[in-house]
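Below is coords_30.cif, which holds mmCIF, C-alpha atoms and all ligand atoms.
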data_upload
#
loop_
_atom_site.label_atom_id
_atom_site.label_comp_id
_atom_site.auth_asym_id
_atom_site.auth_seq_id
_atom_site.Cartn_x
_atom_site.Cartn_y
_atom_site.Cartn_z
CA MET A 320 6.87 -21.07 13.21
CA LYS A 321 3.22 -21.02 14.23
CA ARG A 322 1.23 -18.55 12.23
CA GLN A 323 -2.18 -17.00 12.56
CA GLU A 324 -4.63 -16.54 9.73
CA PRO A 325 -3.18 -14.51 6.85
CA VAL A 326 -4.15 -10.85 6.44
CA ILE A 327 -4.46 -11.58 2.73
CA ALA A 328 -5.18 -15.03 1.32
CA ILE A 329 -5.41 -15.33 -2.46
CA LYS A 330 -6.32 -18.56 -4.22
CA ASN A 331 -6.54 -19.27 -7.94
CA LEU A 332 -7.15 -15.63 -8.79
CA ASN A 333 -7.58 -14.69 -12.46
CA HIS A 334 -8.31 -11.28 -13.90
CA TYR A 335 -9.31 -10.00 -17.31
CA TYR A 336 -9.66 -6.63 -19.00
CA GLY A 337 -11.93 -5.95 -21.96
CA LYS A 338 -15.01 -7.66 -23.31
CA GLY A 339 -15.87 -10.11 -26.06
CA SER A 340 -13.12 -10.56 -28.62
CA LEU A 341 -11.04 -7.88 -26.83
CA LYS A 342 -11.11 -9.76 -23.54
CA LYS A 343 -7.57 -10.32 -22.36
CA GLN A 344 -6.36 -12.25 -19.37
CA ILE A 345 -4.00 -10.21 -17.21
CA LEU A 346 -3.58 -12.29 -14.04
CA PHE A 347 -3.14 -16.07 -14.14
CA ASP A 348 -3.86 -18.35 -11.21
CA ILE A 349 -2.37 -16.16 -8.51
CA ASN A 350 -1.84 -17.81 -5.11
CA LEU A 351 -0.42 -15.69 -2.31
CA ASP A 352 -0.73 -15.49 1.47
CA ILE A 353 0.54 -12.50 3.41
CA TYR A 354 0.73 -12.56 7.20
CA ALA A 355 0.36 -9.90 9.88
CA GLY A 356 3.39 -7.67 10.26
CA GLU A 357 5.10 -8.90 7.10
CA ILE A 358 6.75 -6.51 4.68
CA VAL A 359 6.40 -7.99 1.22
CA ILE A 360 7.95 -6.39 -1.84
CA MET A 361 6.57 -7.15 -5.28
CA THR A 362 8.81 -6.62 -8.28
CA GLY A 363 8.42 -7.37 -11.96
CA PRO A 364 8.50 -5.68 -15.36
CA SER A 365 6.14 -2.92 -16.34
CA GLY A 366 2.85 -4.34 -17.62
CA SER A 367 3.19 -7.61 -15.70
CA GLY A 368 0.04 -6.99 -13.65
CA LYS A 369 1.36 -5.62 -10.35
CA THR A 370 -0.97 -2.62 -10.12
CA THR A 371 -3.92 -4.76 -11.17
CA LEU A 372 -3.21 -7.23 -8.38
CA LEU A 373 -2.72 -4.41 -5.87
CA SER A 374 -6.03 -2.81 -6.84
CA LEU A 375 -7.83 -6.12 -6.33
CA ILE A 376 -6.22 -6.61 -2.92
CA GLY A 377 -7.12 -3.02 -2.07
CA GLY A 378 -10.81 -3.47 -2.88
CA LEU A 379 -10.51 -0.85 -5.62
CA ARG A 380 -11.63 -3.31 -8.29
CA SER A 381 -14.04 -6.27 -8.13
CA VAL A 382 -12.66 -9.80 -8.04
CA GLN A 383 -13.81 -11.65 -11.18
CA GLU A 384 -12.52 -15.16 -10.61
CA GLY A 385 -11.00 -17.00 -7.68
CA SER A 386 -10.82 -16.26 -4.01
CA LEU A 387 -9.36 -13.29 -2.20
CA LYS A 388 -9.79 -13.07 1.55
CA PHE A 389 -8.94 -9.97 3.53
CA LEU A 390 -8.80 -10.47 7.31
CA GLY A 391 -10.61 -13.77 6.85
CA GLU A 392 -13.49 -12.34 4.80
CA GLU A 393 -14.14 -13.28 1.19
CA VAL A 394 -13.90 -10.34 -1.20
CA PHE A 395 -15.14 -12.24 -4.27
CA GLY A 396 -18.81 -11.29 -4.69
CA ALA A 397 -18.64 -8.63 -1.96
CA SER A 398 -21.10 -5.74 -2.19
CA GLN A 399 -19.91 -2.16 -2.83
CA ASN A 400 -20.75 -1.46 0.80
CA LYS A 401 -18.51 -4.29 1.94
CA LEU A 402 -15.69 -2.99 -0.26
CA VAL A 403 -16.03 0.44 1.32
CA GLN A 404 -15.75 -1.14 4.78
CA MET A 405 -12.71 -3.06 3.61
CA ARG A 406 -10.97 0.06 2.30
CA ARG A 407 -11.26 1.62 5.76
CA ASN A 408 -8.79 -1.00 6.94
CA ILE A 409 -6.21 -0.22 4.27
CA GLY A 410 -3.74 2.63 3.88
CA TYR A 411 -2.77 3.51 0.30
CA ILE A 412 0.43 5.09 -0.93
CA PHE A 413 0.80 5.73 -4.65
CA GLN A 414 3.61 6.84 -6.91
CA ALA A 415 2.08 10.27 -7.18
CA HIS A 416 1.42 11.24 -3.60
CA ASN A 417 -2.20 12.29 -4.32
CA LEU A 418 -2.20 15.01 -1.66
CA LEU A 419 -4.76 17.77 -1.84
CA GLY A 420 -2.94 20.94 -2.85
CA PHE A 421 -5.31 23.30 -1.08
CA LEU A 422 -4.79 21.60 2.28
CA THR A 423 -1.67 21.83 4.47
CA ALA A 424 0.36 18.77 5.42
CA LYS A 425 -1.52 18.54 8.70
CA GLN A 426 -4.93 18.99 7.07
CA ASN A 427 -4.18 16.28 4.50
CA VAL A 428 -3.44 13.79 7.27
CA GLN A 429 -6.25 15.05 9.48
CA MET A 430 -8.78 14.50 6.72
CA ALA A 431 -7.93 10.80 6.64
CA VAL A 432 -8.63 10.58 10.37
CA GLU A 433 -11.89 12.46 10.11
CA LEU A 434 -13.10 10.30 7.19
CA ASN A 435 -12.41 7.13 9.11
CA ASP A 436 -13.24 7.73 12.69
CA ARG A 437 -15.75 9.32 14.93
CA VAL A 438 -13.10 11.36 16.65
CA SER A 439 -13.18 14.95 17.76
CA GLN A 440 -11.36 17.53 15.68
CA ALA A 441 -8.89 18.09 18.51
CA GLU A 442 -8.08 14.40 18.58
CA ALA A 443 -7.73 14.27 14.78
CA ILE A 444 -5.28 17.18 14.91
CA ALA A 445 -3.30 15.56 17.72
CA LYS A 446 -3.05 12.27 15.82
CA SER A 447 -2.02 14.04 12.64
CA GLU A 448 0.68 16.05 14.37
CA MET A 449 2.00 12.92 16.02
CA MET A 450 2.23 11.08 12.68
CA LEU A 451 3.90 14.02 10.95
CA ARG A 452 6.45 14.09 13.78
CA ALA A 453 6.98 10.35 13.29
CA VAL A 454 7.85 10.91 9.62
CA GLY A 455 10.16 13.81 10.51
CA LEU A 456 7.99 16.67 9.29
CA GLU A 457 7.26 18.44 12.57
CA GLU A 458 8.71 21.67 11.16
CA ARG A 459 6.52 21.50 8.07
CA ILE A 460 3.05 20.68 9.36
CA ASN A 461 1.52 23.94 8.16
CA TYR A 462 3.15 23.87 4.71
CA PHE A 463 1.19 23.31 1.54
CA PRO A 464 2.36 20.40 -0.66
CA ASP A 465 3.59 22.76 -3.41
CA ASN A 466 6.18 24.15 -1.01
CA LEU A 467 7.62 20.76 -0.13
CA SER A 468 10.03 18.40 -1.90
CA GLY A 469 9.00 15.11 -3.48
CA GLY A 470 10.37 13.15 -0.55
CA GLN A 471 8.57 15.36 1.96
CA LYS A 472 5.29 14.99 0.08
CA GLN A 473 5.70 11.24 0.04
CA ARG A 474 6.32 11.33 3.79
CA ILE A 475 2.99 13.14 4.23
CA ALA A 476 1.38 10.40 2.15
CA ILE A 477 2.90 7.83 4.51
CA ALA A 478 1.61 9.71 7.55
CA ARG A 479 -1.82 9.81 5.94
CA ALA A 480 -1.77 6.09 5.09
CA LEU A 481 -0.68 5.04 8.58
CA VAL A 482 -2.48 7.53 10.83
CA ASN A 483 -5.47 5.25 11.37
CA ARG A 484 -3.20 2.30 12.14
CA PRO A 485 -4.63 0.13 9.38
CA PRO A 486 -3.74 -3.59 9.44
CA LEU A 487 -2.61 -3.30 5.80
CA VAL A 488 -0.73 -0.69 3.78
CA LEU A 489 -0.49 -0.98 -0.01
CA ALA A 490 2.20 1.05 -1.73
CA ASP A 491 2.51 1.21 -5.53
CA GLU A 492 5.98 2.39 -6.56
CA PRO A 493 6.16 4.98 -3.77
CA THR A 494 9.78 5.88 -4.50
CA ALA A 495 9.53 6.07 -8.29
CA ALA A 496 9.58 9.86 -8.41
CA LEU A 497 12.26 10.29 -5.74
CA ASP A 498 16.02 10.51 -5.82
CA LYS A 499 18.01 7.68 -4.30
CA GLN A 500 18.41 9.09 -0.80
CA SER A 501 14.82 10.37 -0.43
CA GLY A 502 13.54 7.03 -1.71
CA ARG A 503 15.61 5.20 0.84
CA ASP A 504 14.47 7.53 3.66
CA VAL A 505 10.84 7.09 2.71
CA VAL A 506 10.91 3.29 2.77
CA GLU A 507 12.89 3.20 5.99
CA ILE A 508 10.27 5.40 7.66
CA MET A 509 7.57 3.12 6.33
CA GLN A 510 9.42 0.07 7.58
CA SER A 511 9.97 1.36 11.11
CA LEU A 512 6.40 2.64 11.51
CA ALA A 513 5.02 -0.63 10.18
CA LYS A 514 7.13 -2.68 12.56
CA ASN A 515 6.06 -0.48 15.49
CA GLN A 516 2.39 -0.74 14.64
CA GLY A 517 2.44 -4.38 13.49
CA THR A 518 1.20 -3.21 10.09
CA THR A 519 1.45 -5.48 7.06
CA ILE A 520 2.97 -3.82 4.00
CA LEU A 521 2.75 -4.85 0.38
CA LEU A 522 5.00 -2.62 -1.68
CA VAL A 523 5.45 -2.67 -5.45
CA THR A 524 8.78 -1.37 -6.66
CA HIS A 525 11.28 -1.37 -9.51
CA ASP A 526 13.89 -0.01 -7.17
CA ASN A 527 16.25 -2.85 -6.30
CA ARG A 528 18.13 -0.64 -3.84
CA ILE A 529 15.33 -1.04 -1.31
CA LEU A 530 14.79 -4.80 -1.52
CA ASP A 531 16.61 -5.36 1.77
CA ILE A 532 13.74 -3.87 3.81
CA ALA A 533 11.48 -6.77 2.76
CA ASP A 534 10.81 -9.90 4.75
CA ARG A 535 9.77 -11.55 1.51
CA ILE A 536 10.02 -10.80 -2.18
CA VAL A 537 7.47 -11.87 -4.76
CA GLU A 538 7.87 -11.41 -8.47
CA MET A 539 5.31 -11.00 -11.23
CA GLU A 540 5.98 -11.84 -14.83
CA ASP A 541 3.34 -11.75 -17.58
CA GLY A 542 0.57 -12.06 -15.01
CA LEU A 543 2.11 -14.98 -13.14
CA LEU A 544 3.75 -15.01 -9.73
CA THR A 545 7.14 -16.42 -10.57
CA ARG A 546 8.89 -15.98 -7.28
CA ASN A 547 7.67 -16.12 -3.71
CA SER A 548 10.52 -16.48 -1.26
CA SER A 549 11.96 -15.17 1.97
CA ASN A 550 14.34 -12.32 1.49
CA THR A 551 17.95 -13.40 1.36
CA VAL A 552 19.37 -10.05 0.29
CA ILE A 553 22.37 -9.43 2.49
CA GLN A 554 21.95 -6.25 4.46
CA SER A 555 24.85 -3.92 4.03
P1 LIG B 1 2.12 -3.15 -13.88
O1 LIG B 1 1.60 -2.42 -12.70
O2 LIG B 1 2.91 -4.36 -13.54
O3 LIG B 1 2.88 -2.25 -14.82
P2 LIG B 1 -0.65 -3.27 -14.76
O4 LIG B 1 -1.42 -4.06 -13.77
O5 LIG B 1 -0.78 -1.79 -14.69
O6 LIG B 1 0.89 -3.73 -14.72
O7 LIG B 1 -1.06 -3.73 -16.22
C1 LIG B 1 -1.07 -5.08 -16.62
C2 LIG B 1 -1.61 -5.17 -18.05
O8 LIG B 1 -2.98 -4.80 -18.07
C3 LIG B 1 -0.92 -4.27 -19.05
O9 LIG B 1 -0.84 -4.95 -20.27
C4 LIG B 1 -1.83 -3.08 -19.16
O10 LIG B 1 -1.72 -2.47 -20.40
C5 LIG B 1 -3.19 -3.71 -18.96
N1 LIG B 1 -4.15 -2.79 -18.28
C6 LIG B 1 -3.97 -2.16 -17.11
N2 LIG B 1 -5.06 -1.46 -16.75
C7 LIG B 1 -5.96 -1.67 -17.72
C8 LIG B 1 -7.31 -1.22 -17.95
N3 LIG B 1 -7.92 -0.43 -17.06
N4 LIG B 1 -7.94 -1.63 -19.07
C9 LIG B 1 -7.33 -2.45 -19.96
N5 LIG B 1 -6.07 -2.91 -19.81
C10 LIG B 1 -5.39 -2.53 -18.71
MG MG B 2 1.96 -0.46 -12.02
#
Go ahead and render the structure in this file as structure tokens.
Ligand code: ADP
Ligand code: MG
Amino acid sequence: MKRQEPVIAIKNLNHYYGKGSLKKQILFDINLDIYAGEIVIMTGPSGSGKTTLLSLIGGLRSVQEGSLKFLGEEVFGASQNKLVQMRRNIGYIFQAHNLLGFLTAKQNVQMAVELNDRVSQAEAIAKSEMMLRAVGLEERINYFPDNLSGGQKQRIAIARALVNRPPLVLADEPTAALDKQSGRDVVEIMQSLAKNQGTTILLVTHDNRILDIADRIVEMEDGLLTRNSSNTVIQS
């Protein structure tokens, strides 16, 4: 298969926490390419470095050693300004949904549009309503997060992450706080929206019931990528 340039290209990436005698290596010689439209799931034990790697890919932390290219541009040595630009092209979904409690579902999504784009308020509202419909929350657009279930809140977070049609979405254990069915619903919504928009997804999870949505599974262990293979999970 002929492939274009990867959305993410990581070469010989190392990462450390702490200073001096407390300095500890967390990531070891990571090499990973992720292509446009791929859904990649990252698994691995707690403490193996998954969130650290995700935060580097997301431009939330500076690259210390090695090369990390996002959309063809080197992130190692990038200025804070450059990192801010980079983050505009990434949607983030975390375990805790990180919604603002004093804003409604629609306002939470709308804010993401208004932060990113020079669009009119009317357009931002229209986009937000469309995304909330896409995640099945059309009846709940004026609800505050406190009045919604965990699964519904996570669906707002998905709408917020995808509303600007970013080339990349990073999700760190997005189903961890959800029951089995809500977790499944949430990833299926993410999968179908991503496929429609051509969005690349990198999703960290412990939840082996959702592995079948991945095109590829990578595994971290003690800071090393120990598996990087096409998904062969049989879909049931
Ligand atoms: P995972 O997401 O796979 O659970 P993390 O990337 O959160 O792993 O953590 C990897 C290792 O780095 C763990 O040993 C953790 O304790 C350590 N760690 C994570 N964040 C920090 C930090 N900000 N400062 C120091 N050590 C950290
Ligand atoms: Mg983590």
* Please identify all polymer residues lying at most 8 Å from the point (-7.7, -0.1, 1.4) (file coordinates), using all atoms listed in the file, and present the result as a PyMOL selection string. => chain A and resi 376-379+405-411+487-489
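Residues of protein or nucleic acid lying within 10 Å of ligand MG 2 (chain B), counting all atoms listed in the file, are Thr362, Gly363, Pro364, Ser365, Gly366, Ser367, Gly368, Lys369, Thr370, Thr371, Leu372, Leu373, Ser374, Phe413, Gln414, Asp491, Glu492, Val523, Thr524 and His525 of chain A.
For the atom pair formed by atom O2 of ligand LIG 1 (chain B) and atom CA of A:Leu522, the distance is 12.2 Å, given to one decimal.
Shell of A:Asp526 at 8 Å, with only C-alpha atoms counted and residues fewer than 2 places along the chain excluded, is A:Thr494, A:Ala495, A:Thr524, A:Arg528, A:Ile529, A:Leu530.
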* Surrounding residues of stretch 454-470 of chain A excluding itself and chain neighbours under 6 positions, 12 Å, all atoms listed in the file, as a PyMOL selection string -> chain A and resi 414-429+444-445+447-448+476-482+493-513
* Pick from A:Leu434, A:Ala328, A:Ala490, A:Met449: nearest to ligand LIG 1 (chain B), with all atoms listed in the file counted? -> A:Ala490
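Using only C-alpha atoms and all ligand atoms, the nearest neighbour of ligand LIG 1 (chain B) within the list A:Leu543, A:Ile475, A:Asn550, A:Met430 is A:Leu543.
Minimum distance to ligand LIG 1 (chain B) across A:Gly385, A:Pro325, A:Gly337, A:Gly356 (counting only C-alpha atoms and all ligand atoms) occurs at A:Gly337.
Going from atom O2 of ligand LIG 1 (chain B) to atom CA of A:Met539 covers 7.4 Å.
Taking all atoms listed in the file into account, A:Arg437 lies nearest to A:Asn483 out of the set A:Ile360, A:Ser386, A:Gly339, A:Asn483.
Note that the spacing between atom CA of A:Pro485 and atom CA of A:Thr519 amounts to 8.6 Å.
Considering only C-alpha atoms, the residue among A:Lys330, A:Lys343, A:Gly391, A:Arg484 positioned nearest to A:Thr518 is A:Arg484.
If you measure from each of A:Ser340, A:Glu384, A:Met361, A:Glu324 to ligand LIG 1 (chain B) using only C-alpha atoms and all ligand atoms, the closest one turns out to be A:Met361.
For the point (7.4, -16.8, -7.9), the residues with at least one atom inside 10 Å, counting all atoms listed in the file, are Ile349, Asn350, Leu351, Ile536, Val537, Glu538, Met539, Glu540, Leu543, Leu544, Thr545, Arg546, Asn547 and Ser548 of chain A.
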Produce stretch 439-455 of chain A of the given structure as output with N, CA and C atoms, as a JSON list (two decimals), in the first residue's frame.
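After the write, selection.json holds the following:
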[["chain", "number", "residue", "atom", "x", "y", "z"],
["A", 439, "SER", "N", -17.99, 33.35, 13.27],
["A", 439, "SER", "CA", -19.02, 34.11, 13.96],
["A", 439, "SER", "C", -19.63, 33.25, 15.05],
["A", 440, "GLN", "N", -20.28, 33.91, 16.02],
["A", 440, "GLN", "CA", -20.90, 33.15, 17.09],
["A", 440, "GLN", "C", -21.99, 32.23, 16.53],
["A", 441, "ALA", "N", -22.73, 32.74, 15.56],
["A", 441, "ALA", "CA", -23.80, 31.92, 14.97],
["A", 441, "ALA", "C", -23.24, 30.64, 14.36],
["A", 442, "GLU", "N", -22.10, 30.79, 13.69],
["A", 442, "GLU", "CA", -21.48, 29.63, 13.06],
["A", 442, "GLU", "C", -20.96, 28.65, 14.12],
["A", 443, "ALA", "N", -20.38, 29.21, 15.19],
["A", 443, "ALA", "CA", -19.86, 28.37, 16.27],
["A", 443, "ALA", "C", -21.00, 27.57, 16.91],
["A", 444, "ILE", "N", -22.14, 28.22, 17.09],
["A", 444, "ILE", "CA", -23.30, 27.53, 17.67],
["A", 444, "ILE", "C", -23.79, 26.44, 16.73],
["A", 445, "ALA", "N", -23.85, 26.77, 15.44],
["A", 445, "ALA", "CA", -24.32, 25.78, 14.46],
["A", 445, "ALA", "C", -23.41, 24.55, 14.44],
["A", 446, "LYS", "N", -22.11, 24.80, 14.44],
["A", 446, "LYS", "CA", -21.14, 23.68, 14.44],
["A", 446, "LYS", "C", -21.29, 22.83, 15.70],
["A", 447, "SER", "N", -21.45, 23.51, 16.83],
["A", 447, "SER", "CA", -21.55, 22.79, 18.10],
["A", 447, "SER", "C", -22.80, 21.93, 18.14],
["A", 448, "GLU", "N", -23.91, 22.49, 17.67],
["A", 448, "GLU", "CA", -25.16, 21.73, 17.66],
["A", 448, "GLU", "C", -25.05, 20.52, 16.75],
["A", 449, "MET", "N", -24.38, 20.72, 15.61],
["A", 449, "MET", "CA", -24.21, 19.62, 14.67],
["A", 449, "MET", "C", -23.39, 18.49, 15.31],
["A", 450, "MET", "N", -22.30, 18.86, 16.00],
["A", 450, "MET", "CA", -21.46, 17.83, 16.63],
["A", 450, "MET", "C", -22.20, 17.13, 17.75],
["A", 451, "LEU", "N", -22.98, 17.87, 18.53],
["A", 451, "LEU", "CA", -23.71, 17.24, 19.64],
["A", 451, "LEU", "C", -24.79, 16.31, 19.09],
["A", 452, "ARG", "N", -25.35, 16.65, 17.94],
["A", 452, "ARG", "CA", -26.28, 15.73, 17.28],
["A", 452, "ARG", "C", -25.53, 14.46, 16.85],
["A", 453, "ALA", "N", -24.33, 14.67, 16.30],
["A", 453, "ALA", "CA", -23.53, 13.53, 15.81],
["A", 453, "ALA", "C", -23.19, 12.55, 16.93],
["A", 454, "VAL", "N", -23.04, 13.05, 18.16],
["A", 454, "VAL", "CA", -22.74, 12.14, 19.28],
["A", 454, "VAL", "C", -24.02, 11.73, 20.02],
["A", 455, "GLY", "N", -25.17, 12.07, 19.46],
["A", 455, "GLY", "CA", -26.44, 11.60, 20.02],
["A", 455, "GLY", "C", -26.95, 12.38, 21.21]]
